[in-house]
>>> print(open('structure09.txt').read())   # compact mmCIF, C-alpha atoms and all ligand atoms
# COMPACT_ATOMS: atom_id res chain seq x y z
CA MET A 72 55.63 -78.68 -6.83
CA LYS A 73 55.47 -76.28 -9.74
CA PRO A 74 51.90 -75.75 -11.00
CA ASP A 75 52.84 -76.91 -14.52
CA ARG A 76 53.70 -80.32 -13.09
CA MET A 77 50.08 -80.58 -12.04
CA ALA A 78 48.62 -79.23 -15.29
CA MET A 79 45.79 -81.05 -16.99
CA THR A 80 46.90 -83.15 -19.95
CA LEU A 81 44.69 -84.98 -22.42
CA CYS A 82 45.35 -88.61 -23.15
CA GLU A 83 45.74 -89.16 -26.91
CA SER A 84 44.05 -92.54 -26.93
CA CYS A 85 41.14 -92.10 -24.52
CA ASP A 86 40.78 -88.29 -24.67
CA ASP A 87 40.33 -88.05 -20.93
CA ALA A 88 42.16 -85.57 -18.73
CA ILE A 89 43.95 -88.27 -16.82
CA VAL A 90 47.07 -90.36 -16.84
CA CYS A 91 46.00 -93.01 -19.33
CA PRO A 92 46.02 -96.50 -17.80
CA MET A 93 46.90 -97.90 -21.22
CA ASP A 94 50.20 -96.02 -21.45
CA PRO A 95 53.09 -98.45 -21.02
CA ILE A 96 54.76 -98.22 -17.63
CA LEU A 97 58.29 -99.20 -16.63
CA TYR A 98 58.90 -103.00 -16.88
CA SER A 99 55.77 -103.50 -19.03
CA ALA A 100 55.33 -103.82 -22.80
CA VAL A 101 58.01 -106.48 -23.36
CA PRO A 102 58.84 -106.03 -27.07
CA LEU A 103 59.14 -109.78 -27.74
CA ASP A 104 56.92 -112.29 -29.46
CA ARG A 105 56.76 -114.74 -26.55
CA ALA A 106 56.33 -117.53 -29.13
CA HIS A 107 54.42 -119.71 -26.68
CA HIS A 108 54.00 -122.42 -29.34
CA LEU A 109 57.76 -123.06 -29.39
CA ARG A 110 58.17 -123.66 -25.65
CA ARG A 111 57.09 -127.31 -25.76
CA ASP A 112 59.19 -128.03 -28.85
CA ASP A 113 62.54 -129.10 -27.36
CA LYS A 114 64.10 -129.47 -30.81
CA ALA A 115 63.08 -125.96 -31.82
CA ILE A 116 64.41 -124.48 -28.55
CA ASP A 117 67.69 -126.36 -29.02
CA THR A 118 68.01 -124.97 -32.55
CA LEU A 119 67.19 -121.43 -31.41
CA VAL A 120 69.74 -121.45 -28.58
CA ARG A 121 72.50 -122.45 -31.03
CA ARG A 122 71.75 -119.71 -33.54
CA PRO A 123 74.63 -117.19 -33.74
CA ASP A 124 72.18 -114.29 -33.78
CA ARG A 125 70.48 -115.29 -30.52
CA LEU A 126 70.66 -112.69 -27.80
CA LEU A 127 71.51 -113.46 -24.20
CA VAL A 128 70.12 -111.62 -21.18
CA PRO A 129 72.57 -112.49 -18.40
CA LEU A 130 71.77 -112.33 -14.69
CA TRP A 131 74.53 -112.79 -12.11
CA ARG A 132 73.03 -113.38 -8.68
CA ASP A 133 70.74 -110.35 -8.28
CA LEU A 134 72.46 -108.15 -10.88
CA SER A 135 71.80 -107.29 -14.53
CA LEU A 136 74.47 -106.28 -17.05
CA VAL A 137 74.07 -102.70 -18.29
CA THR A 138 75.96 -99.79 -19.82
CA PRO A 139 74.82 -96.15 -19.77
CA GLU A 140 73.23 -96.86 -23.19
CA GLY A 141 71.14 -99.82 -22.08
CA ALA A 142 71.10 -103.54 -21.36
CA VAL A 143 74.03 -105.66 -22.55
CA MET A 144 72.67 -108.59 -24.60
CA PRO A 145 75.59 -110.49 -26.16
CA ASP A 146 75.22 -112.65 -29.27
CA GLY A 147 77.62 -114.76 -31.37
CA ASP A 148 80.65 -116.47 -29.81
CA LEU A 149 80.46 -114.39 -26.65
CA ALA A 150 76.91 -115.58 -26.01
CA ALA A 151 78.02 -119.17 -26.68
CA ARG A 152 80.79 -118.86 -24.05
CA LEU A 153 78.36 -117.41 -21.52
CA LEU A 154 75.83 -120.17 -22.22
CA ASP A 155 78.51 -122.70 -21.25
CA LEU A 156 78.61 -121.03 -17.81
CA ALA A 157 74.84 -120.77 -17.42
CA GLY A 158 72.99 -122.74 -14.77
CA VAL A 159 69.55 -122.20 -16.26
CA THR A 160 68.53 -120.70 -19.59
CA VAL A 161 65.03 -119.50 -20.35
CA PHE A 162 63.60 -118.87 -23.81
CA LEU A 163 62.07 -115.40 -23.54
CA GLY A 164 60.82 -115.11 -27.12
CA LEU A 165 61.68 -113.59 -30.49
CA TRP A 166 62.78 -109.99 -30.94
CA ALA A 167 62.32 -109.01 -34.58
CA GLY A 168 62.91 -112.69 -35.35
CA ARG A 169 66.01 -113.09 -33.16
CA PRO A 170 65.74 -115.59 -30.29
CA VAL A 171 66.27 -114.10 -26.83
CA PHE A 172 67.33 -116.22 -23.85
CA ALA A 173 67.80 -115.29 -20.20
CA ALA A 174 70.81 -116.99 -18.62
CA ASP A 175 71.63 -117.46 -14.94
CA LEU A 176 75.39 -116.94 -14.54
CA SER A 177 75.30 -116.93 -10.74
CA GLU A 178 77.72 -119.84 -10.42
CA ALA A 179 80.55 -117.72 -11.83
CA GLN A 180 82.78 -116.73 -8.92
CA PRO A 181 83.46 -113.09 -7.99
CA GLU A 182 86.85 -111.59 -8.83
CA PRO A 183 89.55 -111.97 -6.12
CA ASP A 184 88.78 -108.46 -4.87
CA GLY A 185 85.14 -109.46 -4.33
CA THR A 186 83.72 -107.55 -7.29
CA PRO A 187 81.34 -109.31 -9.73
CA PRO A 188 83.01 -111.53 -12.35
CA ARG A 189 84.33 -110.02 -15.56
CA LEU A 190 82.99 -112.51 -18.07
CA GLY A 191 83.79 -110.75 -21.32
CA PRO A 192 80.98 -108.41 -22.27
CA ASP A 193 81.21 -104.70 -21.59
CA GLY A 194 78.98 -103.24 -18.95
CA ALA A 195 78.59 -103.25 -15.20
CA TRP A 196 76.64 -105.70 -13.06
CA THR A 197 73.93 -103.49 -11.61
CA ALA A 198 70.72 -103.81 -9.58
CA LEU A 199 67.84 -103.36 -12.03
CA LYS A 200 65.80 -101.52 -9.41
CA ALA A 201 68.49 -98.83 -9.25
CA VAL A 202 68.74 -98.18 -13.00
CA GLY A 203 65.48 -99.47 -14.53
CA GLY A 204 64.06 -96.00 -15.11
CA THR A 205 67.22 -94.82 -16.90
CA LEU A 206 67.28 -97.65 -19.46
CA PRO A 207 65.46 -97.68 -22.80
CA ALA A 208 61.95 -98.89 -21.95
CA ASP A 209 62.18 -102.02 -24.11
CA HIS A 210 65.48 -103.01 -22.47
CA ALA A 211 64.07 -102.48 -18.97
CA ALA A 212 61.06 -104.65 -19.85
CA ILE A 213 63.22 -107.50 -21.20
CA LEU A 214 65.52 -107.40 -18.15
CA ALA A 215 62.51 -107.48 -15.82
CA TYR A 216 60.90 -110.40 -17.67
CA GLY A 217 64.13 -112.43 -17.74
CA ARG A 218 64.97 -111.64 -14.15
CA ALA A 219 61.56 -112.76 -12.88
CA LEU A 220 61.94 -116.16 -14.55
CA VAL A 221 65.56 -116.75 -13.53
CA LEU A 222 64.81 -115.86 -9.90
CA TRP A 223 61.82 -118.22 -9.95
CA HIS A 224 64.04 -121.09 -11.17
CA ARG A 225 66.39 -120.54 -8.24
CA ARG A 226 63.52 -120.81 -5.75
CA ALA A 227 61.82 -123.79 -7.41
CA ARG A 228 64.66 -126.32 -7.52
CA PHE A 229 62.76 -128.78 -5.33
CA CYS A 230 59.20 -130.02 -5.57
CA GLY A 231 56.93 -128.35 -3.02
CA ILE A 232 54.82 -131.52 -2.85
CA CYS A 233 57.34 -134.35 -2.36
CA GLY A 234 60.70 -132.58 -1.97
CA ALA A 235 62.40 -134.28 -4.95
CA PRO A 236 64.54 -132.17 -7.32
CA THR A 237 62.79 -130.48 -10.26
CA GLN A 238 64.06 -129.94 -13.81
CA SER A 239 63.47 -127.09 -16.23
CA ARG A 240 61.01 -127.84 -19.05
CA GLU A 241 59.17 -125.97 -21.80
CA GLY A 242 62.02 -123.63 -22.59
CA GLY A 243 62.27 -122.68 -18.92
CA HIS A 244 58.58 -121.85 -18.40
CA MET A 245 57.86 -124.91 -16.26
CA ARG A 246 59.77 -127.13 -13.82
CA GLN A 247 58.82 -130.75 -13.40
CA CYS A 248 59.32 -132.89 -10.32
CA GLN A 249 61.77 -135.71 -11.06
CA ASP A 250 60.08 -138.21 -8.74
CA GLY A 251 58.46 -140.72 -11.10
CA THR A 252 55.31 -141.06 -9.01
CA CYS A 253 54.83 -137.38 -8.22
CA ALA A 254 56.02 -135.75 -11.48
CA ALA A 255 54.18 -132.56 -10.50
CA PRO A 256 54.55 -129.57 -12.83
CA HIS A 257 55.50 -126.24 -11.25
CA TYR A 258 54.91 -122.92 -12.99
CA PRO A 259 56.43 -119.46 -12.46
CA ARG A 260 54.69 -117.62 -9.66
CA THR A 261 53.44 -114.07 -9.72
CA ASP A 262 52.38 -112.54 -6.41
CA PRO A 263 49.47 -110.08 -6.71
CA ALA A 264 49.80 -106.94 -4.62
CA VAL A 265 47.27 -104.11 -4.49
CA ILE A 266 48.33 -100.47 -4.34
CA MET A 267 45.63 -97.90 -3.86
CA ARG A 268 44.98 -94.19 -3.86
CA VAL A 269 42.28 -93.35 -1.31
CA ASP A 270 40.29 -90.23 -2.22
CA GLY A 271 38.68 -88.27 0.61
CA THR A 272 38.84 -84.84 2.22
CA ASP A 273 41.28 -83.14 4.56
CA GLU A 274 40.34 -81.48 7.87
CA THR A 275 39.23 -78.31 6.01
CA GLY A 276 36.92 -80.26 3.71
CA GLN A 277 39.16 -79.93 0.64
CA PRO A 278 39.42 -82.97 -1.66
CA ALA A 279 42.53 -84.86 -0.60
CA ILE A 280 44.30 -88.21 -0.97
CA LEU A 281 45.64 -90.44 1.77
CA MET A 282 49.39 -90.97 1.72
CA HIS A 283 51.71 -92.55 4.23
CA ARG A 284 55.34 -92.97 5.18
CA GLN A 285 57.26 -96.06 6.25
CA LYS A 286 60.29 -95.97 8.52
CA ILE A 287 62.47 -97.81 6.00
CA TRP A 288 61.85 -95.24 3.24
CA SER A 289 64.10 -92.31 2.39
CA PRO A 290 63.28 -89.38 4.67
CA GLY A 291 60.66 -87.19 3.00
CA MET A 292 59.03 -89.75 0.69
CA TRP A 293 55.25 -90.11 0.88
CA SER A 294 53.24 -92.61 -1.11
CA VAL A 295 49.92 -94.41 -1.36
CA LEU A 296 49.08 -97.56 0.62
CA ALA A 297 49.84 -101.06 -0.69
CA GLY A 298 49.79 -104.68 0.43
CA PHE A 299 49.70 -108.30 -0.73
CA VAL A 300 46.49 -110.05 -1.67
CA GLU A 301 45.66 -112.89 0.74
CA PRO A 302 44.04 -116.23 -0.07
CA GLY A 303 40.26 -116.13 0.01
CA GLU A 304 39.69 -112.49 -0.92
CA THR A 305 38.99 -110.54 -4.08
CA LEU A 306 41.24 -107.70 -5.19
CA GLU A 307 38.59 -105.21 -4.06
CA GLU A 308 38.42 -106.85 -0.63
CA ALA A 309 42.20 -106.76 -0.37
CA VAL A 310 42.14 -103.00 -1.07
CA ALA A 311 39.50 -102.38 1.60
CA ARG A 312 41.23 -104.63 4.16
CA GLU A 313 44.69 -103.12 3.69
CA VAL A 314 43.36 -99.56 3.96
CA ARG A 315 41.36 -100.45 7.09
CA GLU A 316 44.24 -102.32 8.77
CA GLU A 317 46.90 -99.74 8.02
CA SER A 318 44.99 -96.48 8.39
CA GLY A 319 41.62 -97.08 10.07
CA ILE A 320 39.77 -95.65 7.05
CA GLU A 321 36.82 -97.47 5.44
CA VAL A 322 36.55 -97.32 1.64
CA ALA A 323 34.03 -98.04 -1.12
CA ALA A 324 33.93 -97.55 -4.90
CA VAL A 325 37.13 -99.54 -5.39
CA ARG A 326 38.10 -99.19 -9.06
CA TYR A 327 40.96 -100.76 -10.98
CA HIS A 328 43.30 -98.27 -12.65
CA SER A 329 46.34 -100.04 -14.11
CA GLY A 330 49.14 -102.40 -13.19
CA GLN A 331 52.93 -102.76 -13.17
CA PRO A 332 55.13 -105.85 -13.23
CA TRP A 333 57.46 -105.60 -10.23
CA PRO A 334 60.02 -108.43 -10.46
CA PHE A 335 61.65 -107.83 -7.05
CA PRO A 336 61.31 -110.75 -6.96
CA SER A 337 57.89 -111.68 -8.36
CA SER A 338 55.13 -109.15 -7.70
CA LEU A 339 52.44 -107.80 -9.97
CA MET A 340 51.32 -104.41 -8.67
CA LEU A 341 47.59 -103.83 -9.25
CA GLY A 342 46.72 -100.14 -8.94
CA PHE A 343 43.33 -99.01 -7.66
CA SER A 344 41.48 -95.92 -6.57
CA ALA A 345 38.97 -96.03 -3.71
CA THR A 346 36.74 -93.51 -1.95
CA ALA A 347 36.88 -92.98 1.82
CA ILE A 348 33.43 -93.39 3.36
CA GLY A 349 34.16 -93.51 7.09
CA GLY A 350 36.49 -94.54 9.86
CA THR A 351 39.04 -92.46 11.73
CA LEU A 352 42.59 -91.90 10.53
CA ALA A 353 44.70 -93.94 12.95
CA PRO A 354 47.91 -95.22 11.31
CA ASP A 355 49.02 -98.67 12.48
CA PRO A 356 52.33 -97.90 14.27
CA ASP A 357 53.67 -101.37 13.42
CA GLU A 358 53.21 -100.76 9.69
CA LEU A 359 53.33 -97.00 9.12
CA GLU A 360 55.45 -94.14 10.40
CA ASP A 361 52.68 -91.68 9.56
CA ALA A 362 49.60 -91.23 7.36
CA GLN A 363 47.96 -87.94 6.40
CA TRP A 364 45.50 -86.38 3.96
CA PHE A 365 47.04 -84.23 1.24
CA SER A 366 45.07 -81.70 -0.83
CA LYS A 367 46.31 -80.51 -4.22
CA ALA A 368 47.10 -77.12 -2.69
CA ARG A 369 49.16 -78.75 0.06
CA ILE A 370 51.12 -80.88 -2.41
CA ALA A 371 51.75 -77.82 -4.61
CA ALA A 372 52.92 -75.75 -1.65
CA GLU A 373 54.96 -78.28 0.29
CA PHE A 374 56.31 -80.95 -2.07
CA SER A 375 59.58 -80.89 -3.98
CA ASP A 376 59.55 -81.57 -7.74
CA ALA A 377 62.33 -84.09 -7.17
CA HIS A 378 61.51 -87.72 -6.57
CA ARG A 379 64.27 -88.15 -4.06
CA THR A 380 65.43 -86.03 -1.18
CA ASP A 381 66.90 -82.76 -2.49
CA GLY A 382 68.50 -81.90 0.83
CA SER A 383 65.91 -79.22 1.57
CA GLY A 384 63.92 -81.46 3.89
CA ARG A 385 60.85 -80.99 1.68
CA PRO A 386 58.61 -84.01 1.16
CA PHE A 387 58.51 -85.67 -2.26
CA LEU A 388 56.42 -88.14 -4.26
CA PRO A 389 57.56 -91.55 -5.61
CA ARG A 390 59.57 -91.68 -8.84
CA PRO A 391 57.60 -91.04 -12.02
CA ASP A 392 58.04 -94.57 -13.39
CA ALA A 393 56.29 -96.24 -10.43
CA ILE A 394 52.60 -97.16 -10.36
CA ALA A 395 52.30 -95.29 -7.03
CA ARG A 396 53.19 -92.06 -8.77
CA ARG A 397 50.88 -92.79 -11.69
CA LEU A 398 47.96 -93.11 -9.28
CA VAL A 399 48.85 -89.81 -7.61
CA ASP A 400 49.42 -88.01 -10.93
CA ASP A 401 46.09 -89.28 -12.21
CA TRP A 402 44.41 -87.45 -9.33
CA LEU A 403 46.59 -84.32 -9.49
CA ARG A 404 45.68 -83.83 -13.15
CA ARG A 405 41.95 -84.20 -12.75
ZN ZN B 501 57.23 -134.06 -6.46
>>> encode(input="structure09.txt", output="structure tokens")
Amino acid sequence: MKPDRMAMTLCESCDDAIVCPMDPILYSAVPLDRAHHLRRDDKAIDTLVRRPDRLLVPLWRDLSLVTPEGAVMPDGDLAARLLDLAGVTVFLGLWAGRPVFAADLSEAQPEPDGTPPRLGPDGAWTALKAVGGTLPADHAAILAYGRALVLWHRRARFCGICGAPTQSREGGHMRQCQDGTCAAPHYPRTDPAVIMRVDGTDETGQPAILMHRQKIWSPGMWSVLAGFVEPGETLEEAVAREVREESGIEVAAVRYHSGQPWPFPSSLMLGFSATAIGGTLAPDPDELEDAQWFSKARIAAEFSDAHRTDGSGRPFLPRPDAIARRLVDDWLRR
């Protein structure tokens, strides 16, 4: 990497020479007033969804509708036609006073040639994960928020307690079991996952961070460790357990850094730093392809500036809009 990519920068809000945890990250900072008070007001939601100026955030199966300029959010008659096709609609909130609804259009059939349906609006049905970082940040955040809720509805159609069908309530922010005796409410789920930069030293005693590779990743990509939080443990315990299980390293001084919504389908990434205090580096071959310590000098000398393979065979770091990269950059700039 070029040295200027590792240069120290001062955060404007906290005046520290780090990557500020308060800076918005991709898929965060949804620019809507979530208008929580309107969700339980069926009449108000019904009025909002009929307003000609309401904006629709369509999702077809796993795909969002985008153009090179940003997300496609139809209003007016076009939105009304799409709402007629929608399986589920979710009130996302108000954007400068305009109601915004996510709509699941998955029941629309593909074109005869197998391509996604052409339903009227411009744009291409695209995987958000592939284009999120290229969209305006507010559009990416709205698509992520809407997508998370629509995908939850698809997975929550039946009550997990009694098996009866559920129905959408509260503007799409709750589903209620339709069995009269059970009537259990079900709420959108968010799965906490920890992702952690482990600070230690390499074999020469230089300060270094632990990064790993997985077989399913693009050749050359290295990143920090991560894993899901399990029942019965704190976030700090989850960090220590995942690092121990995957690498053999023991950690202490587990500190929260910042988070990132990750709606693929429903994770919340919780970023931490931790300090290695013992153990022996022994990557779990079932989980990791490799794990190594990387000093700043090694990253500067060996890593490509690109965040994907550049054909040179050089290793590279995760893309700049991912929490993994934020954790690494925070260390590189110290
Ligand atoms: Zn039930």
>>> residues_around(input="structure09.txt", residues="segment 389-393 of chain A", least_positions_apart="6", cutoff="8 Å", atoms="only C-alpha atoms", output="list of chain:residue names")
A:Ile96, A:Leu97, A:Gly204, A:Met292, A:Trp293, A:Ser294, A:Gln331, A:His378, A:Arg379
>>> closest_residue(input="structure09.txt", among="A:Asp250, A:Asp376, A:Asp184, A:Asp104", to="ligand ZN 501 (chain B)", atoms="only C-alpha atoms and all ligand atoms")
A:Asp250
>>> residues_near_ligand(input="structure09.txt", ligand="ligand ZN 501 (chain B)", cutoff="10 Å", atoms="all atoms listed in the file", output="PyMOL selection string")
chain A and resi 229-237+247-257
>>> closest_residue(input="structure09.txt", among="A:Pro386, A:Gly158, A:Pro332, A:Pro145", to="Pro290 of chain A", atoms="all atoms listed in the file")
A:Pro386
>>> closest_residue(input="structure09.txt", among="A:Arg404, A:Lys286, A:Arg105, A:Lys367", to="Gly271 of chain A", atoms="all atoms listed in the file")
A:Lys367
>>> closest_residue(input="structure09.txt", among="A:Ser337, A:Leu281, A:Arg396, A:Arg110", to="Ala353 of chain A", atoms="only C-alpha atoms")
A:Leu281
>>> closest_residue(input="structure09.txt", among="A:Ala279, A:Val325, A:Leu119, A:Met267", to="Glu313 of chain A", atoms="all atoms listed in the file")
A:Met267
